[in-house]
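Chemist: Let me give you the structure first, and then I'll get to my questions.
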Amino acid sequence: MGKDKVVPFSSRLASKLGEKLDFYSGWIANPKAVGAIAPTSATMARIMASAARCDAELKVLELGPGNGVTTRAILEHGVAAENLIAIEFTKSFLPGLRLRYPGVNFVHGDAFDISQISAELGIEKFDTAISGLPLLNFPVDDRARLVELVLDQLVPGRPLIQFSYGLRPPVPARDGYFTVTQLDSVLLNLPPARIWAYRRLHKSEV
């Protein structure tokens, strides 16, 4: 869905209603996996999506699309549906996602298996990763491991975008391995959130 394509108001409304219904259904079924008390705000989704390059030859990776708010923002940003791979752990989200966003490759799987999933899809590197995963719900060591695994799948220098409800990044920078910078704060999100950009250093920078 490119920027120049106008989506009818009725379609946008139906999509947003479907997103909210999916979110609360998923939250009731497994609140820990969803990891939030309310859907991601459209503002936060747009900021996260803005990191993706629309003209890149490589695909964009989305982790934890959930009810699809950020998926919609990525597509509205200009990323073609066929260039978006989205990995979702909660199976009940998938039918609604596939109905609302045809063309996107939604994969039922665990983000920790990203290396295996990429190999099965024949993808060597992604351009950008945008994560809606509730990292603060994971043990500290698992958070760091996931960041490393995802950055391994990206072109060096390209970002993993991750939100967090904490004042500090969910995974601190690791000297010689990756950096983290605050991309933005979204005070109107419920709860207020910060958006972080992780990047693997080029070999010349290590």
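Chain labels run A, B, ... following the order of the structure tokens; each chain numbers its residues from 1, and ligands are numbered from 1 in the order shown.
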Please identify all polymer residues within 7 Å of region 192-198 of chain A, counting only C-alpha atoms, omitting same-chain residues fewer than 6 positions from it, and present them as a ChimeraX atom specification.
Modeler: /A:159-165,169,178-186
Chemist: Write a file of the just-selected residues containing C-alpha atoms, as a PDB file, in the first residue's frame.
Modeler:
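And here is the file that came out, selection.pdb:
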ATOM      1  CA  PRO A 159      18.221  -0.368  12.887  1.00  0.00           C
ATOM      2  CA  LEU A 160      16.179  -2.624  15.066  1.00  0.00           C
ATOM      3  CA  ILE A 161      13.388  -0.359  16.328  1.00  0.00           C
ATOM      4  CA  GLN A 162      12.026  -1.303  19.747  1.00  0.00           C
ATOM      5  CA  PHE A 163       9.541   0.412  22.042  1.00  0.00           C
ATOM      6  CA  SER A 164       9.671   0.268  25.827  1.00  0.00           C
ATOM      7  CA  TYR A 165       7.648   1.648  28.721  1.00  0.00           C
ATOM      8  CA  PRO A 169      16.444   1.058  26.980  1.00  0.00           C
ATOM      9  CA  PHE A 178      25.846  -2.630  19.128  1.00  0.00           C
ATOM     10  CA  THR A 179      24.668   0.857  19.997  1.00  0.00           C
ATOM     11  CA  VAL A 180      21.300   2.105  21.197  1.00  0.00           C
ATOM     12  CA  THR A 181      19.842   5.583  20.821  1.00  0.00           C
ATOM     13  CA  GLN A 182      16.485   7.029  21.773  1.00  0.00           C
ATOM     14  CA  LEU A 183      14.508   7.711  18.620  1.00  0.00           C
ATOM     15  CA  ASP A 184      11.545   9.453  20.258  1.00  0.00           C
ATOM     16  CA  SER A 185       9.141   9.597  23.196  1.00  0.00           C
ATOM     17  CA  VAL A 186       5.398   9.137  22.824  1.00  0.00           C
TER      18      VAL A 186
END
Chemist: Mind checking which residues fall within 6 Å of Leu154 (chain A), counting only C-alpha atoms, ignoring those fewer than 3 positions away in the same chain, and posting them as an MDAnalysis selection string?
Modeler: chainID A and resid 125:127 151
Chemist: Can I get the selection written as a tab-separated table (two decimals), in the first residue's frame, with C-alpha atoms?
Modeler:
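Contents of out_18.tsv, as written:
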chain	number	residue	atom	x	y	z
A	125	LYS	CA	19.49	-9.99	5.37
A	126	PHE	CA	16.65	-7.61	6.22
A	127	ASP	CA	16.85	-3.85	5.79
A	151	LEU	CA	20.78	-7.55	14.53
Chemist: Would you mind writing down, as a list in words, each residue of region 29-148 of chain A that DSSP on the backbone assigns to strand (DSSP E or B)?
Modeler: Val60, Leu61, Glu62, Leu63, Leu84, Ile85, Ala86, Ile87, Glu88, Asn105, Phe106, Val107, His108, Phe126, Thr128, Ala129, Ile130 and Ser131 of chain A
Chemist: For the selection you just gave me, I'd like the residues written to a file as a short mmCIF file (atom, residue, chain, number, x, y, z; two decimals), in the first residue's frame, keeping N, CA and C atoms.
Modeler:
data_model
loop_
_atom_site.label_atom_id
_atom_site.label_comp_id
_atom_site.auth_asym_id
_atom_site.auth_seq_id
_atom_site.Cartn_x
_atom_site.Cartn_y
_atom_site.Cartn_z
N VAL A 60 11.58 -5.77 4.93
CA VAL A 60 11.45 -5.24 6.28
C VAL A 60 10.90 -6.35 7.17
N LEU A 61 11.42 -6.44 8.38
CA LEU A 61 10.99 -7.45 9.34
C LEU A 61 10.18 -6.78 10.45
N GLU A 62 9.00 -7.32 10.71
CA GLU A 62 8.21 -6.86 11.85
C GLU A 62 8.09 -8.01 12.85
N LEU A 63 8.37 -7.73 14.10
CA LEU A 63 8.27 -8.73 15.16
C LEU A 63 7.10 -8.39 16.06
N LEU A 84 7.21 -7.00 3.23
CA LEU A 84 7.10 -7.03 4.69
C LEU A 84 6.90 -8.46 5.18
N ILE A 85 7.79 -8.89 6.08
CA ILE A 85 7.69 -10.19 6.74
C ILE A 85 7.37 -9.92 8.20
N ALA A 86 6.28 -10.50 8.70
CA ALA A 86 5.86 -10.24 10.08
C ALA A 86 5.73 -11.56 10.84
N ILE A 87 6.41 -11.66 11.97
CA ILE A 87 6.41 -12.88 12.77
C ILE A 87 5.56 -12.66 14.01
N GLU A 88 4.53 -13.48 14.16
CA GLU A 88 3.60 -13.36 15.28
C GLU A 88 3.51 -14.67 16.06
N ASN A 105 3.53 -11.19 4.35
CA ASN A 105 3.84 -12.57 4.74
C ASN A 105 3.85 -12.66 6.27
N PHE A 106 2.72 -13.09 6.83
CA PHE A 106 2.63 -13.28 8.27
C PHE A 106 3.05 -14.70 8.61
N VAL A 107 4.02 -14.82 9.49
CA VAL A 107 4.57 -16.12 9.87
C VAL A 107 4.24 -16.40 11.33
N HIS A 108 3.63 -17.55 11.58
CA HIS A 108 3.40 -17.95 12.97
C HIS A 108 4.69 -18.55 13.51
N PHE A 126 17.76 -8.56 6.28
CA PHE A 126 16.65 -7.61 6.22
C PHE A 126 17.22 -6.20 6.24
N THR A 128 15.48 -3.50 7.75
CA THR A 128 15.09 -2.89 9.03
C THR A 128 14.24 -3.89 9.80
N ALA A 129 14.32 -3.84 11.12
CA ALA A 129 13.43 -4.64 11.96
C ALA A 129 12.65 -3.70 12.88
N ILE A 130 11.34 -3.90 12.95
CA ILE A 130 10.48 -3.08 13.80
C ILE A 130 9.76 -4.01 14.77
N SER A 131 10.02 -3.83 16.06
CA SER A 131 9.56 -4.79 17.06
C SER A 131 8.49 -4.22 17.97
#
Chemist: With distances taken over only C-alpha atoms, which residue among A:Gln153, A:Thr71, A:Ser50, A:Arg143 lies nearest Ser118 (chain A)?
Modeler: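 Result for the nearest residue to Ser118 (chain A): A:Gln153.
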Chemist: What's the 8 Å shell around Ile74 (chain A), counting only C-alpha atoms, without same-chain residues fewer than 4 positions away, as number ranges by chain?
Modeler: A: 45-46, 49-50, 52, 70, 78-79
Chemist: Out of A:Leu133, A:Cys54, A:Leu75, A:Val155, which residue has the shortest atom-to-atom distance to Thr90 (chain A) when counting only C-alpha atoms?
Modeler: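 Using only C-alpha atoms, the shortest distance to Thr90 (chain A) belongs to A:Leu133.
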